[in-house]
Every structure is written in C-alpha cells, then in structure tokens.
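First comes the structure, then the notes that go with it.
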Amino acid sequence: MASTDASTGSNTGLSTRRDQAVHAAVEQGLVGQAAPVAGLLDVTGIRASAASLRAAFDAVTAPGTEVLHAFAVKATPLVPVLRLLHEAGIGAEVASPGELALARAAGVPPTRTVLDSPAKTGAELREALALGIAVNADNPQELARIDALVASAPTRSPIGVRVNPQIGAGSIGALSTATATSKFGVALRDEGARDWVVQAYLDRPWLTRLHTHSGSQGVPLELMAQGVRAAYELAEEINRAAGRQQIDTLDIGGGLPVNFASDEETPDYATYAGLLAATVPGLFDGRYGLVTEFGRSLLAKHGTILALVEYAKESGGRPIAVTHAGVQVATRTVYAPASWPLRIAAYDAKGRPKAGPDVAQDVAGPACFSGDLLAENHALPLLEAGDYAAALDTGAYYFAQHYSYNSLVRPGVYGFTAGADGVGARFATVRAPQTVEEIVAESGGDRRSALLDL
Ligand SMILES: *Cc1c(COP(=O)(O)O)cnc(C)c1O
C-alpha cells in the first residue's frame, strides 16, 4: 500500500514484482511444457498487507488493547503461507478439522487460533476446548454441547456466540452472511432471539466473547460497519444486564472486499478501521479486546496463476487461447463469471509482458466443457501458442483450492521475492505440483478390484 501512487491509483510495486516473477518463473522452468500451470505468491506483498492490517487497527485502538488478527485459513489453506503470516503477527481462523490441522502444522499456537464453523462435531469441540482454542458457538444446540464439555473438564478456551445482525445482503447472494435467512449464527432480529442470547450469557459466566462476520466480497463497508455496531450494542446490553464487563472481546469477522479491477489495493484496512472507529467508537476505547478474521483481503492481490497457451485457434470469428488454467484453479470465475471476473495479463514465450493492440478473445481452460473460460471476449494483446496467460488477484480462494475436474493435477505453488534491482526473482516451493501417480493413488488405484467381488 505504501507504494500506491495516489494520483494514478496504480500500484507499481505490485505489478513490477509480478512481471519480474513471471519472467523468472519461465526462465527457471517453473512453468513450461513440463508444468504448464503454476501459482505464484508475492511474499513481499503478503508481508506488506499483514503489516498494514496491524497498523490500521493499532492506529484506532486505545493503547494496551489486545487485538488478534486471525487469518481465515479457508482463503489460502497452505502451511507455509500460514507460517509466513504467523511470523508477521497474524493468527488463524479455522472452520474444519483440516484447517485446524494446517494451522497447527504451521506452528500457530492455540492462543492465536479461533474455531468457527456451522457444523462442529462433538469431537471437534472437545479437541478445541482441550487445546484452549477460542470457540464461537453457532447456535443453541452447539452451545448445549459446549455446556456439557465445560462442565466435564476445565478449559482455557475463550468462548463466544456468533450472531447474525441480519443487516442484509451484498451483491453476491451466495457469499452474503448477514441476510435474514443466513445459515450462520443466531439471527438477532428473529422473535425472541435477542432475549435468548442475553439470557444465554447471564446463565453462563464463562461466555466472554461475541462474534459476527457480516462482510464479504460484494458487501459495502458501511453495511459491514453496521453489522459490527449491532454486535457491539448487544455486547453493551449484555454487560449492563450482567453488571460487569462479562463480554471482554468482540470478534468482528473479516470480509473486506477486494478490488479485482486494477492493481490498486482498495478499500484498504485503514479506511475500514477508520470507518469502524467513527461508527462504533466505544469498541476502541480500551474496554474490549478485538479479534478480526480477514482472508481474501490479505492474500488475493498477491497471487498469480501463470498458464502456458497450448494452442491459439479461432471459432465463429473469435480468437481463442487454449490455456492450462481453467475451472480447476479458478472455479468461481468459471462457474459464476459475472460475480467473479478476473483480470488476465498476456506474456510472451519468454515471460515478458506482451505488447500489441488489444484483441477481443476468449481465454479458455483445459477442461472438457465449453464454459471452461477464464475470460470471455476479453481485450488483451493477441495470445499465441507458447505465450503465457496470467490470471491476476488469485491469491485467495483460487489456485490454493483446487477442483479436481478432469483429474487435472494440482499445480505447484511458489512463493517469490523479486530482485531489488528490478530483475530476477527467488522462489520457494509452497506446494509441489501433484503427480499423475498421486491422482491414481487417491482415486482408489490400490483397490482396483474392489467392486468385482461384491
Ligand atoms: C470466510 C470467513 C472469513 C473470511 O472472509 P473473507 O471474505 O475472506 O475476509 C472470516 N470469518 C468467517 C467466520 C468466515 O466464514
């Protein structure tokens, strides 16, 4: 963010580092005929986003306020990424046994881990409470399970309840968490729900947190801030009724939207923190600790999918670049292109930014269905066989979350730092490319005759 040029909105640091990394990845053979698609992660950019998140909240909280920024692991479930964030002062928000295992493998301690999920099993809850991981209960039935566990064994876990302030939807229905009928949390405006929540806290002195996550891609910041204010007002009401600061920490979730239209990182964390401080000043006066759970906004801008153009053809008069990146690495974009458009950058066979007039073309993936398009009728320099297409802003919810359509291998993921002199890049393998042998093995390859003897 420091390198954003306010006059043009361009973020030269980010695009320069990306161009250097693409060139170096091609030169060093990380992508090419042997590995026609790879994911690249900009370590410098990830560190900068972590630092700007921390600075944004430091700037608005009273001195001494405890703030835990927990990265939503589902956005980029890769152990070295979680480790990098941990070293940068960011914890982990997990929502499944797999995500918890990833956070633990990365060395994120229980005190910096938060468990949220709408379907926690009894075993998951028992493990979390034994480890001392913070838990947010989603609903009354889950709270009853926690009651039994808390009664049977002491726990250091801070425990809260997730509420849905029902503030309304953003522009992407499937991602809007705070609609009237959302599946998440206790719906605060439903009849009797608010009273139930207040009484639930009065009955349980060990309930010390309150959780809401009402933002997401497509949700305006003002709506997010209203959701946080609703949670804060409920906490104040509960604490008044309890006659003490029973709720000592508010978990305000994540959900900061990301700009997928240019390299500009907007809205930034400082803008959101400033809006929160203006909308909910009492949240920052030192009486409450804070937990945040940002995912997409920490990683999205720092990932690039780089794919070889295998063939360039024409159909019905439209040029089509057939690449190796499609639904397996950009699932949301392929199935819901209107909600999740991606920018595509063109590079030549040496990995240099491609020059030339913009030509409207389709950028297609390798999967066997006609809708497998990264971009349709997209204007960019004409891609030719042997060139590379790069899908930008794909560091969260894209290549880290492979979809095994057509048994396409999971691509390798490489972190990079760009050379300070404007040339070259160093790479570290975050996830090795999957092999075809591994696909056979995980597809029942060792039980070939399993169905013959039934
Ligand atoms: C997905 C999720 C997040 C992260 O959301 P982003 O939009 O990636 O910031 C945080 N908290 C909860 C409970 C979530 O489900």
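Every chain in the structure tokens has a letter given in the order shown (A, B, ...), and although residue numbers restart at 1 in each chain, ligands are simply numbered from 1 in the order shown.
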
Return as a tab-separated table (two decimals) with C-alpha atoms, in the first residue's frame every polymer residue, whether protein, DNA or RNA, with at least one atom no more than 10 Å from an atom of ligand 1; count only C-alpha atoms and all ligand atoms.
```tsv
chain	number	residue	atom	x	y	z
A	70	ALA	CA	-6.71	-14.29	12.71
A	71	PHE	CA	-6.29	-15.14	9.02
A	72	ALA	CA	-9.28	-17.06	7.62
A	73	VAL	CA	-7.45	-20.24	6.62
A	74	LYS	CA	-10.06	-21.19	4.02
A	75	ALA	CA	-8.86	-18.31	1.82
A	76	THR	CA	-5.38	-19.82	1.29
A	92	ALA	CA	-5.52	-18.34	12.24
A	93	GLU	CA	-9.30	-18.64	11.97
A	94	VAL	CA	-10.20	-22.26	11.23
A	95	ALA	CA	-13.50	-23.89	10.33
A	114	VAL	CA	-10.11	-19.23	16.55
A	115	LEU	CA	-12.56	-22.01	15.61
A	116	ASP	CA	-15.74	-21.01	13.77
A	117	SER	CA	-17.85	-23.37	11.74
A	118	PRO	CA	-21.56	-24.00	11.45
A	136	ASN	CA	-17.55	-19.34	18.70
A	138	ASP	CA	-23.05	-21.03	16.04
A	162	ARG	CA	-21.94	-15.98	16.75
A	175	LEU	CA	-21.48	-15.01	-0.10
A	176	SER	CA	-23.77	-12.80	1.94
A	177	THR	CA	-23.66	-13.96	5.56
A	184	PHE	CA	-24.82	-18.59	10.16
A	185	GLY	CA	-25.17	-17.70	13.82
A	211	HIS	CA	-18.79	-12.92	17.25
A	212	THR	CA	-20.17	-11.60	14.00
A	213	HIS	CA	-18.87	-11.92	10.45
A	214	SER	CA	-21.15	-9.88	8.25
A	215	GLY	CA	-18.86	-8.72	5.44
A	216	SER	CA	-17.72	-10.42	2.28
A	217	GLN	CA	-16.86	-9.70	-1.32
A	218	GLY	CA	-19.72	-7.57	-2.64
A	219	VAL	CA	-20.77	-6.16	0.75
A	251	ASP	CA	-14.75	-10.86	17.20
A	252	ILE	CA	-15.74	-8.70	14.25
A	253	GLY	CA	-15.02	-11.24	11.49
A	254	GLY	CA	-13.39	-10.47	8.15
A	255	GLY	CA	-14.94	-9.85	4.77
A	256	LEU	CA	-13.13	-6.75	3.50
A	257	PRO	CA	-13.89	-6.70	-0.24
A	258	VAL	CA	-11.04	-6.74	-2.75
A	292	THR	CA	-10.54	-9.93	13.24
A	293	GLU	CA	-10.78	-12.70	10.64
A	294	PHE	CA	-9.70	-11.32	7.28
A	295	GLY	CA	-8.98	-13.77	4.47
A	296	ARG	CA	-9.37	-12.54	0.90
A	297	SER	CA	-8.07	-9.03	1.57
A	298	LEU	CA	-4.78	-10.35	2.98
A	299	LEU	CA	-3.92	-12.66	0.09
A	300	ALA	CA	-5.93	-12.02	-3.09
A	396	ALA	CA	-7.20	-16.24	-2.15
A	397	TYR	CA	-9.95	-18.76	-3.00
```

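Counting only C-alpha atoms, Phe260 (chain A) has the following residues at most 12 Å away, ignoring those fewer than 4 positions along the same chain: Gln217, Gly218, Glu264, Glu265, Thr266, Pro267, Arg296, Ser297, Ala300, Lys301, His302, Gly303, Thr333, Ser339, Trp340, Pro341, Leu342, Arg343, Ile344, Ala391, Leu392, Asp393, Thr394, Gly395 and Ala396 of chain A.
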
Val67 (chain A): which residues within 7 Å, counting only C-alpha atoms, same-chain residues fewer than 6 positions away excluded, as a list of chain:residue names?
->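 Contacts, with the query itself left out: A:Gly289, A:Leu290, A:Val291.
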
Keeping only all heavy atoms, write the selected residues as a PDB file, in the first residue's frame.
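out-v9.pdb was written with the following content:
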```pdb
ATOM      1  N   GLY A 289     -11.241  -6.268  24.010  1.00  0.00           N
ATOM      2  CA  GLY A 289     -10.247  -6.822  23.106  1.00  0.00           C
ATOM      3  C   GLY A 289     -10.917  -7.075  21.770  1.00  0.00           C
ATOM      4  O   GLY A 289     -12.146  -7.122  21.669  1.00  0.00           O
ATOM      5  N   LEU A 290     -10.114  -7.229  20.722  1.00  0.00           N
ATOM      6  CA  LEU A 290     -10.669  -7.409  19.380  1.00  0.00           C
ATOM      7  C   LEU A 290     -10.065  -8.635  18.700  1.00  0.00           C
ATOM      8  O   LEU A 290      -8.884  -8.939  18.878  1.00  0.00           O
ATOM      9  CB  LEU A 290     -10.348  -6.184  18.508  1.00  0.00           C
ATOM     10  CG  LEU A 290     -11.108  -4.893  18.801  1.00  0.00           C
ATOM     11  CD1 LEU A 290     -10.549  -3.762  17.956  1.00  0.00           C
ATOM     12  CD2 LEU A 290     -12.590  -5.092  18.503  1.00  0.00           C
ATOM     13  N   VAL A 291     -10.915  -9.302  17.926  1.00  0.00           N
ATOM     14  CA  VAL A 291     -10.436 -10.342  17.016  1.00  0.00           C
ATOM     15  C   VAL A 291     -10.944  -9.973  15.629  1.00  0.00           C
ATOM     16  O   VAL A 291     -12.102  -9.567  15.478  1.00  0.00           O
ATOM     17  CB  VAL A 291     -10.976 -11.735  17.419  1.00  0.00           C
ATOM     18  CG1 VAL A 291     -10.536 -12.807  16.407  1.00  0.00           C
ATOM     19  CG2 VAL A 291     -10.516 -12.123  18.822  1.00  0.00           C
TER      20      VAL A 291
END
```

Extract, using only C-alpha atoms, all DNA, RNA and protein residues at most 10 Å from Glu66 (chain A), discarding same-chain residues fewer than 2 positions from it, and format them as a list in words.
-> Asp58, Thr61, Ala62, Pro63, Gly64, Leu68, His69, Thr249, Gly286, Arg287, Tyr288, Gly289, Leu290 and Val291 of chain A

Using C-alpha atoms, can you export the residues from the last selection as a PDB file, in the first residue's frame?
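Done, and the output landed in result.pdb:
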```pdb
ATOM      1  CA  ASP A  58      -3.115  -0.012  16.058  1.00  0.00           C
ATOM      2  CA  THR A  61      -7.359   1.220  19.339  1.00  0.00           C
ATOM      3  CA  ALA A  62      -6.579   2.508  22.818  1.00  0.00           C
ATOM      4  CA  PRO A  63      -3.039   1.671  23.974  1.00  0.00           C
ATOM      5  CA  GLY A  64      -2.838  -1.785  25.522  1.00  0.00           C
ATOM      6  CA  LEU A  68      -5.762 -10.778  17.445  1.00  0.00           C
ATOM      7  CA  HIS A  69      -5.838 -10.710  13.667  1.00  0.00           C
ATOM      8  CA  THR A 249     -13.670  -9.374  23.468  1.00  0.00           C
ATOM      9  CA  GLY A 286      -9.953   0.003  25.630  1.00  0.00           C
ATOM     10  CA  ARG A 287     -12.791  -1.924  27.291  1.00  0.00           C
ATOM     11  CA  TYR A 288     -12.869  -4.597  24.614  1.00  0.00           C
ATOM     12  CA  GLY A 289     -10.247  -6.822  23.106  1.00  0.00           C
ATOM     13  CA  LEU A 290     -10.669  -7.409  19.380  1.00  0.00           C
ATOM     14  CA  VAL A 291     -10.436 -10.342  17.016  1.00  0.00           C
TER      15      VAL A 291
END
```

Can you pull out every residue within 12 Å of Arg18 (chain A), counting only C-alpha atoms, but drop anything in the same chain fewer than 4 positions away, and send it as a count of residues only?
-> 40

Looking only at the backbone, which of the residues in region 239-319 of chain A does DSSP tag as alpha helix (DSSP H), as a PyMOL selection string?
-> chain A and resi 239-242+269-279+296-299

Could you write out, as a VMD selection string, all the residues of region 47-223 of chain A that DSSP marks as strand (DSSP E or B)?
-> chain A and resid 67 to 72 91 to 94 113 to 115 134 to 137 159 to 164 186 to 187 207 to 211

Would you output that residue set with N, CA and C atoms, as a compact mmCIF listing (two decimals), in the first residue's frame?
```txt
# COMPACT_ATOMS: atom_id res chain seq x y z
N VAL A 67 -5.41 -7.16 20.46
CA VAL A 67 -6.01 -7.39 19.14
C VAL A 67 -5.39 -8.65 18.54
N LEU A 68 -6.23 -9.59 18.17
CA LEU A 68 -5.76 -10.78 17.44
C LEU A 68 -6.32 -10.72 16.03
N HIS A 69 -5.42 -10.60 15.06
CA HIS A 69 -5.84 -10.71 13.67
C HIS A 69 -5.65 -12.17 13.27
N ALA A 70 -6.76 -12.87 13.05
CA ALA A 70 -6.71 -14.29 12.71
C ALA A 70 -7.03 -14.45 11.22
N PHE A 71 -6.09 -14.95 10.46
CA PHE A 71 -6.29 -15.14 9.02
C PHE A 71 -7.29 -16.27 8.78
N ALA A 72 -8.30 -16.02 7.95
CA ALA A 72 -9.28 -17.06 7.62
C ALA A 72 -8.61 -18.09 6.73
N GLY A 91 -2.66 -14.55 13.36
CA GLY A 91 -3.07 -15.88 13.80
C GLY A 91 -3.91 -16.58 12.74
N ALA A 92 -4.76 -17.52 13.19
CA ALA A 92 -5.52 -18.34 12.24
C ALA A 92 -6.96 -18.50 12.69
N GLU A 93 -7.88 -18.33 11.75
CA GLU A 93 -9.30 -18.64 11.97
C GLU A 93 -9.57 -19.91 11.19
N VAL A 94 -10.03 -20.96 11.87
CA VAL A 94 -10.20 -22.26 11.23
C VAL A 94 -11.66 -22.68 11.33
N THR A 113 -5.48 -18.96 17.74
CA THR A 113 -6.34 -19.68 16.81
C THR A 113 -7.80 -19.54 17.25
N VAL A 114 -8.68 -19.37 16.29
CA VAL A 114 -10.11 -19.23 16.55
C VAL A 114 -10.85 -20.27 15.72
N LEU A 115 -11.77 -21.00 16.34
CA LEU A 115 -12.56 -22.01 15.61
C LEU A 115 -13.99 -21.52 15.41
N ALA A 134 -9.90 -20.62 20.96
CA ALA A 134 -11.14 -19.85 21.07
C ALA A 134 -12.21 -20.49 20.19
N VAL A 135 -13.43 -20.57 20.73
CA VAL A 135 -14.53 -21.19 20.01
C VAL A 135 -15.71 -20.23 19.98
N ASN A 136 -16.31 -20.08 18.81
CA ASN A 136 -17.55 -19.34 18.70
C ASN A 136 -18.68 -20.30 18.37
N ALA A 137 -19.65 -20.39 19.27
CA ALA A 137 -20.78 -21.29 19.06
C ALA A 137 -21.71 -20.68 18.02
N ILE A 159 -14.75 -18.44 24.97
CA ILE A 159 -15.91 -18.96 24.23
C ILE A 159 -16.90 -17.82 23.98
N GLY A 160 -17.44 -17.81 22.77
CA GLY A 160 -18.41 -16.80 22.40
C GLY A 160 -19.56 -17.40 21.61
N VAL A 161 -20.49 -16.54 21.23
CA VAL A 161 -21.62 -16.95 20.40
C VAL A 161 -21.59 -16.09 19.14
N ARG A 162 -21.86 -16.73 18.01
CA ARG A 162 -21.94 -15.98 16.75
C ARG A 162 -23.35 -15.48 16.55
N VAL A 163 -23.47 -14.20 16.27
CA VAL A 163 -24.80 -13.65 15.98
C VAL A 163 -24.83 -13.13 14.55
N ASN A 164 -26.00 -13.19 13.98
CA ASN A 164 -26.24 -12.65 12.64
C ASN A 164 -27.09 -11.40 12.80
N VAL A 186 -26.80 -16.94 15.39
CA VAL A 186 -28.15 -16.74 15.94
C VAL A 186 -28.72 -15.48 15.31
N ALA A 187 -29.86 -15.61 14.63
CA ALA A 187 -30.46 -14.49 13.89
C ALA A 187 -31.07 -13.51 14.88
N LEU A 207 -19.06 -17.33 29.19
CA LEU A 207 -19.20 -16.80 27.83
C LEU A 207 -18.66 -15.37 27.82
N THR A 208 -17.51 -15.17 27.21
CA THR A 208 -16.84 -13.87 27.33
C THR A 208 -16.61 -13.19 25.98
N ARG A 209 -17.05 -13.83 24.92
CA ARG A 209 -16.85 -13.22 23.60
C ARG A 209 -18.16 -13.15 22.83
N LEU A 210 -18.18 -12.28 21.84
CA LEU A 210 -19.33 -12.19 20.94
C LEU A 210 -18.77 -12.06 19.52
N HIS A 211 -19.35 -12.82 18.60
CA HIS A 211 -18.79 -12.92 17.25
C HIS A 211 -19.82 -12.54 16.20
```
